[in-house]
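Here the structure comes first, spelled out in structure tokens, and everything after it is commentary.
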Amino acid sequence: MAVEKIPSEDIFDQATANLLVKAGLGLSIGVVASALLFKRRMWPVTFFTGAGVGAAYADAQRIFDSVGTLGRPATKPTEESTNNA
């Protein structure tokens with residue numbers, strides 16, 4: 001007997017996986033940039049890891065609040081707007 005996942009668990013799993021991938025990618029870019037360009041300083045690692053986490057956070061907001069499109073909440077069309085077209 002398999003346990004079915006509810007959609008919110010799938011969304012949470014997607015957001016967590018996205019966070020791990022983007023933070024890991026930012027960490028690796030920061031390590032390479034630190035080793036090659038910045039004389040092994042710590043700030044590029046912190047900066048790129050933070051940028052990856054920030055990008056994942058923005059994607060998680062978009063995933064969890066999928067009702068709004070381009071910053072505007074979705075609304076039902078009124079009769080006036082459908083009759084004018």
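Please note that chains go A, B, ... in the order of the structure tokens, that every chain numbers its residues from 1, and that ligands are numbered from 1 in the order shown.
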If you count only C-alpha atoms, which residues fall within 10 Å of Ile11 in chain A, apart from same-chain ones fewer than 5 positions away, as an MDAnalysis selection string? chainID A and resid 6 16:17 60 63:64
Mind writing the picked residues with N, CA, C and O atoms as a PDB file, in the first residue's frame?
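Output file selection_3.pdb follows:
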ATOM      1  N   ILE A   6       0.411  14.552  -1.050  1.00  0.00           N
ATOM      2  CA  ILE A   6      -0.499  15.634  -1.382  1.00  0.00           C
ATOM      3  C   ILE A   6       0.281  16.679  -2.166  1.00  0.00           C
ATOM      4  O   ILE A   6       1.503  16.755  -2.067  1.00  0.00           O
ATOM      5  N   THR A  16      12.583  22.817  -2.004  1.00  0.00           N
ATOM      6  CA  THR A  16      13.783  22.392  -1.272  1.00  0.00           C
ATOM      7  C   THR A  16      14.869  21.938  -2.230  1.00  0.00           C
ATOM      8  O   THR A  16      16.044  22.293  -2.067  1.00  0.00           O
ATOM      9  N   ALA A  17      14.496  21.163  -3.232  1.00  0.00           N
ATOM     10  CA  ALA A  17      15.484  20.716  -4.218  1.00  0.00           C
ATOM     11  C   ALA A  17      16.064  21.907  -4.980  1.00  0.00           C
ATOM     12  O   ALA A  17      17.273  21.961  -5.247  1.00  0.00           O
ATOM     13  N   ALA A  60      10.787  30.018  -4.948  1.00  0.00           N
ATOM     14  CA  ALA A  60       9.844  29.411  -4.002  1.00  0.00           C
ATOM     15  C   ALA A  60       8.627  30.298  -3.810  1.00  0.00           C
ATOM     16  O   ALA A  60       7.499  29.802  -3.722  1.00  0.00           O
ATOM     17  N   ILE A  63       6.527  29.715  -6.792  1.00  0.00           N
ATOM     18  CA  ILE A  63       5.900  28.393  -6.782  1.00  0.00           C
ATOM     19  C   ILE A  63       4.725  28.354  -5.811  1.00  0.00           C
ATOM     20  O   ILE A  63       3.641  27.876  -6.143  1.00  0.00           O
ATOM     21  N   PHE A  64       4.921  28.867  -4.588  1.00  0.00           N
ATOM     22  CA  PHE A  64       3.873  28.793  -3.572  1.00  0.00           C
ATOM     23  C   PHE A  64       2.740  29.770  -3.843  1.00  0.00           C
ATOM     24  O   PHE A  64       1.605  29.512  -3.480  1.00  0.00           O
TER      25      PHE A  64
END
Would you return as a PyMOL selection string the members of range 3-44 of chain A that DSSP assigns to alpha helix (DSSP H) on this structure's backbone? chain A and resi 7-36+43-44
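The residue that comes closest to Ile29 in chain A, out of A:Gln61, A:Val53, A:Val45, A:Asp13 and on the basis of only C-alpha atoms, is A:Val45.
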Find the spatial neighbours of Val31 in chain A, counting only C-alpha atoms, within a cut-off of 9 Å - ignore same-chain residues fewer than 2 positions away - and output them as a ChimeraX atom specification. /A:26-29,33-36,40,42,44-45,48
Quick one: everything within 8 Å of Ala56 in chain A, counting only C-alpha atoms, minus sequence neighbours fewer than 2 positions away in the same chain. Send it as a ChimeraX atom specification. /A:15,18-19,22-23,52-54,58-60
Would you output that residue set with all heavy atoms, as a CSV table (one decimal), in the first residue's frame?
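Saved file out.csv follows:
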chain,number,residue,atom,x,y,z
A,15,ALA,N,10.7,23.1,-4.0
A,15,ALA,CA,11.3,24.3,-3.5
A,15,ALA,C,12.6,23.9,-2.8
A,15,ALA,O,13.6,24.6,-2.9
A,15,ALA,CB,10.4,25.0,-2.6
A,18,ASN,N,15.2,22.9,-5.3
A,18,ASN,CA,15.7,24.1,-6.0
A,18,ASN,C,16.7,24.8,-5.1
A,18,ASN,O,17.7,25.3,-5.6
A,18,ASN,CB,14.5,24.9,-6.3
A,18,ASN,CG,14.8,26.0,-7.3
A,18,ASN,OD1,15.8,26.1,-7.9
A,18,ASN,ND2,13.8,26.9,-7.4
A,19,LEU,N,16.4,24.9,-3.8
A,19,LEU,CA,17.3,25.6,-2.9
A,19,LEU,C,18.6,24.9,-2.8
A,19,LEU,O,19.7,25.6,-2.9
A,19,LEU,CB,16.7,25.7,-1.5
A,19,LEU,CG,17.6,26.2,-0.4
A,19,LEU,CD1,17.9,27.6,-0.6
A,19,LEU,CD2,17.0,25.9,1.0
A,22,LYS,N,20.6,25.5,-6.3
A,22,LYS,CA,21.0,26.8,-6.5
A,22,LYS,C,22.1,27.3,-5.5
A,22,LYS,O,23.0,28.0,-5.8
A,22,LYS,CB,19.9,27.8,-6.6
A,22,LYS,CG,19.0,27.6,-7.8
A,22,LYS,CD,18.0,28.6,-8.1
A,22,LYS,CE,17.3,28.3,-9.4
A,22,LYS,NZ,16.5,29.4,-9.8
A,23,ALA,N,21.9,26.9,-4.2
A,23,ALA,CA,22.9,27.2,-3.2
A,23,ALA,C,24.2,26.5,-3.5
A,23,ALA,O,25.3,27.0,-3.4
A,23,ALA,CB,22.4,26.9,-1.8
A,52,GLY,N,22.6,32.5,-4.8
A,52,GLY,CA,21.9,31.3,-5.1
A,52,GLY,C,20.7,31.0,-4.2
A,52,GLY,O,19.6,30.7,-4.6
A,53,VAL,N,20.9,31.3,-2.9
A,53,VAL,CA,19.8,31.2,-1.9
A,53,VAL,C,18.7,32.2,-2.3
A,53,VAL,O,17.5,31.9,-2.2
A,53,VAL,CB,20.3,31.3,-0.5
A,53,VAL,CG1,19.1,31.4,0.5
A,53,VAL,CG2,21.2,30.1,-0.1
A,54,GLY,N,19.1,33.4,-2.6
A,54,GLY,CA,18.1,34.4,-2.9
A,54,GLY,C,17.3,34.1,-4.2
A,54,GLY,O,16.1,34.3,-4.2
A,58,ALA,N,13.2,33.4,-4.3
A,58,ALA,CA,12.3,34.1,-5.3
A,58,ALA,C,11.5,33.0,-6.1
A,58,ALA,O,10.3,33.2,-6.3
A,58,ALA,CB,13.1,34.9,-6.2
A,59,ASP,N,12.2,31.9,-6.5
A,59,ASP,CA,11.5,30.8,-7.1
A,59,ASP,C,10.4,30.2,-6.2
A,59,ASP,O,9.3,29.8,-6.7
A,59,ASP,CB,12.4,29.8,-7.7
A,59,ASP,CG,13.1,30.3,-8.9
A,59,ASP,OD1,12.7,31.2,-9.5
A,59,ASP,OD2,14.1,29.6,-9.3
A,60,ALA,N,10.8,30.0,-4.9
A,60,ALA,CA,9.8,29.4,-4.0
A,60,ALA,C,8.6,30.3,-3.8
A,60,ALA,O,7.5,29.8,-3.7
A,60,ALA,CB,10.5,29.2,-2.7
Distance CA of Lys39 in chain A-CA of Val21 in chain A, one decimal place?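 A separation of 25.9 Å between them.
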Pairwise distance for CA of Thr46 in chain A and CA of Gly30 in chain A, rounded to one decimal in Å: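 Between CA of Thr46 in chain A and CA of Gly30 in chain A the gap is 7.2 Å.
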